[in-house]
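Heads up, the thing below is written out as structure tokens.
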Amino acid sequence: MNIEQIETVLHGIFNEPLKDGELRKIVFWVDKDNEFTDEIGQLQINRVKVHPLTEWNQFYTKYLLEEEDSTSSYLIYTNLELGVEDNWLADTVLYSKTFFADRVSLLLSELQIDPSLRAVIKKYERFFNNKDRFRKFQSFGIQSYTEETIELAIMSVLCSLKTPDFEAVLKAVLMDTLDDSDNKYLSHMDKFFDMDKFWTYVANHYGYERETKTLKTLFIHLTVTAFNHSVSDDYLTSIQDFIAGRNKTNALVFIDRWMHHKTDYIVFDEYAEMVEQEIQLPNILQSVPIDEFRQADTFPYIDRAIIILIANKLMEKLEDYEEYTKLIKLRRAKHYYEKYASVYEALYYTVKMHEFHKEHGQGIPQGRAIDLYDTYRKEYHVMDGYYRKFYVAYDEESNHELLKKLKELVEHIYTNWFMGELSSHWSQAVKSEMAEEWSLPGIQSQQSFYSSNVAPHIRKGERVFVIISDAMRYEVGIELAERLNSETIGVCDMQTMLGVVPSVTKLGMASLLPHRSLDFDEKGRVLVDGKDSAGLENRKKIIESYVEDSIAIQFQDMLAMNKAGRRETFKGKKLVYIYHDTIDAMGDKASTEIYTFDAVEIALNQLYDLVKIIRDDLSGTNVYITADHGFLYQRDTLPESDKIGNEIMNTIEVKRRYMLSNEKHDVSGQLPIDLTSIVKNEQQLTAYVPNGTIRNRMQGTGVNFVHGGASLQEVVVPLVSFKNKRVGQKGSQAIQKIDIRLTSTTRKITNSIFNLDFFQTEKVEDKMIPRTVVIYMADTEGNVLSNEETIIGDRSFDNPAERTFKLQFVLKSISYDRNKTYYLLVKDTETGVITEKVPFSINLGIVSDFDF
């Protein structure tokens, strides 16, 4: 620093506004090495007197400043130590300013740091020797400097942070690598900070105190301490050394925030797997009751342990299915659920199938055909859905050994019990009641679809869209209807039709067309009013013969168009038939039938999109979604006992699930169904369908995915009617998310660990859709002060008590101002919108080291 720079700095100091009660400025310039003795006489500062202070004139200087001239501003130049002892001017120094003409002094001045902190800046002088580091430090805009704020700012600069925050410092260090020798931020600390000081901060914030300190043991310490929040010390004796003795809540909140970060969780998960191996977590959890760790969320093995526990209980035939379901749903809100989502899904549907089996402990009863049909429509169909959903999840993790065990349980219940009993009893009812006339009282036949559902709209001049999804069975239609009901403002109604027999595409598609008569010709082709109905062009001609302004189109062609193209294509069309074949196209080939259930998932999305296109692009109001037939599908290879040989007889057509013949006689293992009530039947045709789920033995296409027979899965045809409603239109109902509200009345927190109650205000149904929220405590600046808890509000119970949630929160171990307001924030995870902000006061008294 040269004399010109010094003069500039001193001008700035003396020109600062006087403080309250201050009449003048007195500055002591301490030049220990007498570097500027010769220049001091040249110094020119307006309205400031320069006075040298020596060892011999201290008393006079005191007299000069206090008595002789008590109004002038003075620069006192000296090389003396201005300590308190043996210093006549000690009190004057205290109310004055001290100036040093060196690098450290310049830093103190430029940063406006009080000279009392000179030693701190001197200690880290090497840090400030770099312009970029200095600039970043300065950019923090620290208003009040202390030793702690300076050190925190230095560490934050070294870790490339935008604001000073020790939690962020520690996370940056750990995120880099747990290898101390290779950690770039530790290297920076070693060069430009004080490693011992860094570890002191770690100890003070997170209770990490070891003779030999490493990042790896620090991370183990943090995770085990967080884990200890959910699991008692009694079960963690083998890893007691890793549990903090103080500031435990800080460790929990630190780990919780890292786990919930949208990207950084990836590194955390990798480290957590390392820790659970180091501490041998599987061995520890063997002796821990499930109720002790069901809420724990630190390590991925916790979820594996819960999955294994439920699976083992299922295999041991322990029937606490409601508890298993609650436990699986509880884990959905936990960090590692997504990692094991497919396994959890498979496990959930295995539990639901076992629960169904338990509810029907007396078996599937025999009964009249109409009763079995109605019970399937209202209740039994859920098993087909559970079975399908199980395999969708299973196929995501098909090499998982546990899922292979679950698969055995699922096949035993679904194939051996459910399908075995249901199809057997239904076959008996069909044989005794429906063999001569294929109909059921009060149930619409598939052949009447056009006349009963479409024609009335056409007669009124209304526009109608018909989507026919090949092989969309009833349980799939139910899922589509539920989705349309909950995700659109339209009104969706679900009905069924009794499908035709044989339940094949050519007859099912024909029966859905406008027609006066259906029939088979001698080659097995289906005729509509005497015309061939196979293929899109033939169906288009048949539709046009009834409604001139009509069109038939494949769904792929419709999806491929842009909005303008669709409007042009369908302009003026009163009747639109859209053909969709994703499910049947996948299932009907031996090489791809294993993907049948995946195809259903794809189909559901496509059908939903089709309805949205009709609604949004084409302003369609009346939409029907139905199918030509359903299907049977089982995953396991069929035993030979499930296949039946063909009778020697004259047949027009033979497929896996039916034979067409104009001969009529008893055939072993087959149900003969007279087709007169379905087609004109000039040939006197009879459809022979195997009993139950038996297949005809034959070469060729796949055997697991079949249709053509008379099982409930094949002939209960869904009819989804969607009526588009616009906002404000009569009968319209806006889609609305349910609310999650705090119900606890207390607004004062007196313990760092506390519980709060929440309530899902409405049940999920129709247009009231689920909402997922995260909940946490924060200060007025939005800084997170606690762990985050998640509520998945998707409960559909009528009973309000079953829509309540009790959550536990843990506050960081910091000082809280009892006079300040803090907030409990409830945030929608989809939109990021704060849905509730509840003010709280926090009065913890003295923060305890034993806050667990």
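Residues are named by chain letter and number: chains run A, B, ... in the order of the structure tokens, numbers start at 1 in each chain, and ligands are numbered from 1 in the order shown.
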
What are the closest atom pairs, with distances in Å to one decimal, for each residue of region 218-325 of chain A lying within 12 Å of region 407-426 of chain A, using only C-alpha atoms, rows by chain and rising residue number, as CSV?
residue,atom,partner,partner_atom,distance
A:Ala311,CA,A:Leu409,CA,10.0
A:Asn312,CA,A:Leu409,CA,11.4
A:Lys313,CA,A:Leu409,CA,11.9
A:Leu314,CA,A:Leu409,CA,8.5
A:Met315,CA,A:Leu409,CA,7.6
A:Glu316,CA,A:Leu409,CA,11.0
A:Lys317,CA,A:Leu409,CA,10.3

Counting only C-alpha atoms, which residues in region 409-513 of chain A sit no more than 8 Å from region 580-590 of chain A? For each one, give the nearest pair of atoms and the distance in Å, sorted by chain then residue number, as a tab-separated table.
residue	atom	partner	partner_atom	distance
A:Ile467	CA	A:His580	CA	7.1
A:Ile468	CA	A:His580	CA	5.9
A:Ser469	CA	A:His580	CA	4.5
A:Asp470	CA	A:Asp581	CA	4.8
A:Ala471	CA	A:Asp584	CA	5.4
A:Met472	CA	A:Ile583	CA	7.0

Within 8 Å of region 344-349 of chain A, which residues of region 367-452 of chain A show up? Give each one with its shortest atom-to-atom distance in Å (one decimal) and the two atoms involved, counting only C-alpha atoms, rows by chain then rising residue number, as CSV.
residue,atom,partner,partner_atom,distance
A:Tyr386,CA,A:Tyr349,CA,5.4
A:Tyr387,CA,A:Tyr349,CA,7.3
A:Lys389,CA,A:Tyr349,CA,6.8
A:Phe390,CA,A:Ala346,CA,4.7
A:Tyr391,CA,A:Ala346,CA,7.2
A:Ala393,CA,A:Ala346,CA,5.2
A:Tyr394,CA,A:Ala346,CA,6.0
A:Leu403,CA,A:Ala346,CA,7.4
A:Leu406,CA,A:Leu347,CA,7.4

Residues within 8 Å of region 134-146 of chain A, only C-alpha atoms, excluding chain neighbours under 5 positions, as a PDB file with C-alpha atoms, in the first residue's frame:
ATOM      1  CA  LEU A 111     -15.127  -5.019   3.231  1.00  0.00           C
ATOM      2  CA  ILE A 113     -15.109  -5.232   8.677  1.00  0.00           C
ATOM      3  CA  ASP A 114     -14.447  -4.014  12.183  1.00  0.00           C
ATOM      4  CA  LEU A 117     -11.723  -9.019  13.532  1.00  0.00           C
ATOM      5  CA  PHE A 127      -7.772 -16.871   0.736  1.00  0.00           C
ATOM      6  CA  PHE A 128      -8.221 -13.168  -0.042  1.00  0.00           C
ATOM      7  CA  ASN A 129      -5.114 -12.983  -2.257  1.00  0.00           C
ATOM      8  CA  ALA A 153     -18.486 -17.175   3.824  1.00  0.00           C
ATOM      9  CA  ILE A 154     -14.954 -18.442   3.099  1.00  0.00           C
ATOM     10  CA  VAL A 157     -16.820 -19.542  -1.623  1.00  0.00           C
ATOM     11  CA  LYS A 162     -24.173 -18.677  -4.048  1.00  0.00           C
ATOM     12  CA  THR A 163     -24.995 -17.937  -0.401  1.00  0.00           C
ATOM     13  CA  PRO A 164     -23.211 -18.706   2.871  1.00  0.00           C
TER      14      PRO A 164
END

Just give me the gap between CA of Leu18 (chain A) and CA of Thr78 (chain A) in Å, one decimal is fine.
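For CA of Leu18 (chain A) relative to CA of Thr78 (chain A), the distance reads 23.8 Å.
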
Got a sec: who's within 12 Å of Gly832 (chain A), counting only C-alpha atoms, leaving out chain neighbours fewer than 4 positions off, as a PDB file with N, CA, C and O atoms, in the first residue's frame?
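Output contents, as saved in part.pdb:
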ATOM      1  N   ARG A 771     -54.633 -35.633  -4.583  1.00  0.00           N
ATOM      2  CA  ARG A 771     -53.610 -34.592  -4.504  1.00  0.00           C
ATOM      3  C   ARG A 771     -52.471 -35.125  -3.631  1.00  0.00           C
ATOM      4  O   ARG A 771     -52.711 -35.730  -2.582  1.00  0.00           O
ATOM      5  N   THR A 772     -51.239 -34.898  -4.069  1.00  0.00           N
ATOM      6  CA  THR A 772     -50.077 -35.260  -3.254  1.00  0.00           C
ATOM      7  C   THR A 772     -49.395 -33.974  -2.809  1.00  0.00           C
ATOM      8  O   THR A 772     -49.176 -33.070  -3.618  1.00  0.00           O
ATOM      9  N   VAL A 773     -49.092 -33.891  -1.516  1.00  0.00           N
ATOM     10  CA  VAL A 773     -48.465 -32.685  -0.979  1.00  0.00           C
ATOM     11  C   VAL A 773     -47.222 -33.051  -0.173  1.00  0.00           C
ATOM     12  O   VAL A 773     -47.112 -34.151   0.355  1.00  0.00           O
ATOM     13  N   VAL A 774     -46.285 -32.099  -0.112  1.00  0.00           N
ATOM     14  CA  VAL A 774     -45.177 -32.200   0.838  1.00  0.00           C
ATOM     15  C   VAL A 774     -45.376 -31.109   1.875  1.00  0.00           C
ATOM     16  O   VAL A 774     -45.859 -30.007   1.557  1.00  0.00           O
ATOM     17  N   ILE A 775     -45.015 -31.421   3.118  1.00  0.00           N
ATOM     18  CA  ILE A 775     -45.281 -30.514   4.235  1.00  0.00           C
ATOM     19  C   ILE A 775     -43.992 -30.335   5.033  1.00  0.00           C
ATOM     20  O   ILE A 775     -43.283 -31.314   5.310  1.00  0.00           O
ATOM     21  N   LEU A 825     -45.729 -25.127   5.817  1.00  0.00           N
ATOM     22  CA  LEU A 825     -46.107 -24.997   4.412  1.00  0.00           C
ATOM     23  C   LEU A 825     -46.604 -26.336   3.876  1.00  0.00           C
ATOM     24  O   LEU A 825     -45.957 -27.378   4.077  1.00  0.00           O
ATOM     25  N   VAL A 826     -47.726 -26.302   3.183  1.00  0.00           N
ATOM     26  CA  VAL A 826     -48.281 -27.474   2.502  1.00  0.00           C
ATOM     27  C   VAL A 826     -48.205 -27.176   1.013  1.00  0.00           C
ATOM     28  O   VAL A 826     -48.844 -26.241   0.529  1.00  0.00           O
ATOM     29  N   LYS A 827     -47.402 -27.968   0.276  1.00  0.00           N
ATOM     30  CA  LYS A 827     -47.135 -27.665  -1.139  1.00  0.00           C
ATOM     31  C   LYS A 827     -47.568 -28.815  -2.037  1.00  0.00           C
ATOM     32  O   LYS A 827     -47.228 -29.973  -1.791  1.00  0.00           O
ATOM     33  N   ASP A 828     -48.343 -28.483  -3.071  1.00  0.00           N
ATOM     34  CA  ASP A 828     -48.768 -29.461  -4.072  1.00  0.00           C
ATOM     35  C   ASP A 828     -47.539 -29.889  -4.881  1.00  0.00           C
ATOM     36  O   ASP A 828     -46.852 -29.061  -5.472  1.00  0.00           O
ATOM     37  N   GLU A 836     -51.445 -24.296   1.596  1.00  0.00           N
ATOM     38  CA  GLU A 836     -51.763 -23.834   2.950  1.00  0.00           C
ATOM     39  C   GLU A 836     -50.476 -23.332   3.598  1.00  0.00           C
ATOM     40  O   GLU A 836     -49.414 -23.955   3.484  1.00  0.00           O
TER      41      GLU A 836
END

Step one, run DSSP on the backbone; step two, keep only residues of region 93-322 of chain A assigned to strand (DSSP E or B); then write them as a PyMOL selection string.
chain A and resi 97-100

In region 118-334 of chain A, what's alpha helix (DSSP H) per DSSP? Answer as a ChimeraX atom specification?
/A:118-123,125-128,131-139,147-158,166-176,184-192,195-206,215-228,248-259,265-278,281-285,290-293,300-315,321-331

Skip Ala296 (chain A) itself and residues of its chain fewer than 2 positions away, then list as a list of chain:residue names all residues within 10 Å of it, counting only C-alpha atoms.
A:Ala226, A:Phe227, A:Asn228, A:His229, A:Ser230, A:Val231, A:Asp291, A:Glu292, A:Phe293, A:Arg294, A:Thr298, A:Phe299, A:Pro300, A:Ile302, A:Asp303, A:Arg331, A:Lys334, A:His335

Store the residues picked out above in a file with N, CA and C atoms, as a PDB file, in the first residue's frame.
ATOM      1  N   ALA A 226     -29.793 -40.267  11.506  1.00  0.00           N
ATOM      2  CA  ALA A 226     -31.134 -40.050  10.951  1.00  0.00           C
ATOM      3  C   ALA A 226     -31.987 -41.305  11.109  1.00  0.00           C
ATOM      4  N   PHE A 227     -31.396 -42.462  10.865  1.00  0.00           N
ATOM      5  CA  PHE A 227     -32.098 -43.746  11.010  1.00  0.00           C
ATOM      6  C   PHE A 227     -32.549 -43.947  12.454  1.00  0.00           C
ATOM      7  N   ASN A 228     -31.737 -43.493  13.393  1.00  0.00           N
ATOM      8  CA  ASN A 228     -32.039 -43.621  14.821  1.00  0.00           C
ATOM      9  C   ASN A 228     -33.309 -42.868  15.212  1.00  0.00           C
ATOM     10  N   HIS A 229     -33.713 -41.909  14.383  1.00  0.00           N
ATOM     11  CA  HIS A 229     -34.963 -41.193  14.667  1.00  0.00           C
ATOM     12  C   HIS A 229     -36.160 -42.137  14.619  1.00  0.00           C
ATOM     13  N   SER A 230     -36.097 -43.139  13.743  1.00  0.00           N
ATOM     14  CA  SER A 230     -37.212 -44.079  13.590  1.00  0.00           C
ATOM     15  C   SER A 230     -37.011 -45.369  14.378  1.00  0.00           C
ATOM     16  N   VAL A 231     -35.773 -45.717  14.636  1.00  0.00           N
ATOM     17  CA  VAL A 231     -35.474 -46.997  15.294  1.00  0.00           C
ATOM     18  C   VAL A 231     -34.732 -46.723  16.602  1.00  0.00           C
ATOM     19  N   ASP A 291     -43.049 -52.775  13.228  1.00  0.00           N
ATOM     20  CA  ASP A 291     -43.648 -51.520  13.681  1.00  0.00           C
ATOM     21  C   ASP A 291     -42.593 -50.503  14.081  1.00  0.00           C
ATOM     22  N   GLU A 292     -41.386 -50.989  14.378  1.00  0.00           N
ATOM     23  CA  GLU A 292     -40.309 -50.093  14.778  1.00  0.00           C
ATOM     24  C   GLU A 292     -39.710 -49.357  13.583  1.00  0.00           C
ATOM     25  N   PHE A 293     -39.656 -50.024  12.415  1.00  0.00           N
ATOM     26  CA  PHE A 293     -38.987 -49.373  11.278  1.00  0.00           C
ATOM     27  C   PHE A 293     -39.900 -49.126  10.079  1.00  0.00           C
ATOM     28  N   ARG A 294     -41.208 -49.286  10.237  1.00  0.00           N
ATOM     29  CA  ARG A 294     -42.120 -49.103   9.110  1.00  0.00           C
ATOM     30  C   ARG A 294     -42.088 -47.670   8.563  1.00  0.00           C
ATOM     31  N   THR A 298     -34.248 -44.073   5.546  1.00  0.00           N
ATOM     32  CA  THR A 298     -32.877 -43.654   5.250  1.00  0.00           C
ATOM     33  C   THR A 298     -32.177 -44.559   4.252  1.00  0.00           C
ATOM     34  N   PHE A 299     -32.434 -45.869   4.344  1.00  0.00           N
ATOM     35  CA  PHE A 299     -31.707 -46.840   3.532  1.00  0.00           C
ATOM     36  C   PHE A 299     -32.648 -47.637   2.637  1.00  0.00           C
ATOM     37  N   PRO A 300     -32.202 -47.982   1.428  1.00  0.00           N
ATOM     38  CA  PRO A 300     -33.071 -48.758   0.526  1.00  0.00           C
ATOM     39  C   PRO A 300     -33.417 -50.143   1.057  1.00  0.00           C
ATOM     40  N   ILE A 302     -34.453 -50.975   3.810  1.00  0.00           N
ATOM     41  CA  ILE A 302     -35.675 -50.932   4.626  1.00  0.00           C
ATOM     42  C   ILE A 302     -36.869 -51.386   3.795  1.00  0.00           C
ATOM     43  N   ASP A 303     -36.954 -50.873   2.567  1.00  0.00           N
ATOM     44  CA  ASP A 303     -38.067 -51.276   1.694  1.00  0.00           C
ATOM     45  C   ASP A 303     -37.941 -52.735   1.287  1.00  0.00           C
ATOM     46  N   ARG A 331     -45.660 -46.897   2.411  1.00  0.00           N
ATOM     47  CA  ARG A 331     -44.335 -46.790   1.790  1.00  0.00           C
ATOM     48  C   ARG A 331     -44.368 -45.955   0.507  1.00  0.00           C
ATOM     49  N   LYS A 334     -42.644 -42.722   0.737  1.00  0.00           N
ATOM     50  CA  LYS A 334     -41.250 -42.759   1.165  1.00  0.00           C
ATOM     51  C   LYS A 334     -40.300 -42.630  -0.028  1.00  0.00           C
ATOM     52  N   HIS A 335     -39.053 -42.303   0.312  1.00  0.00           N
ATOM     53  CA  HIS A 335     -38.056 -41.939  -0.702  1.00  0.00           C
ATOM     54  C   HIS A 335     -37.774 -43.054  -1.701  1.00  0.00           C
TER      55      HIS A 335
END

Near-Trp56 (chain A) list (12 Å; only C-alpha atoms; drop same-chain fewer than 5 positions) as a PyMOL selection string
chain A and resi 61-62+78+80+87-88

Counting only C-alpha atoms, figure out which residue out of A:Gln366, A:Ser232, A:Ser744, A:Thr8 gets nearest to Gln44 (chain A).
A:Thr8

Within 9 Å of Thr750 (chain A), counting only C-alpha atoms, which residues qualify if same-chain residues fewer than 4 places away don't, as a PyMOL selection string?
chain A and resi 754+841-845

Which one of A:His221, A:Arg567, A:Lys523, A:Arg463 sits closest to Ser550 (chain A) if you count only C-alpha atoms?
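Ranked by minimum distance to Ser550 (chain A), first place goes to A:Arg463.
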
The residue from A:Glu537, A:Leu484, A:Ile220, A:Lys25 with the smallest atom-to-atom distance to Leu604 (chain A), counting only C-alpha atoms, is A:Leu484

Between A:Leu108, A:Leu518, A:Leu807, A:Val706, which has the minimum distance to Thr676 (chain A) (counting only C-alpha atoms)?
A:Leu518

CA of Gly207 (chain A) to CA of Phe242 (chain A): how many Å, to one decimal?
9.9 Å

Which of A:Tyr816, A:Tyr776, A:Phe520, A:Phe465 sits closest to Val838 (chain A) [using only C-alpha atoms]
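Result for the nearest residue to Val838 (chain A): A:Tyr776.
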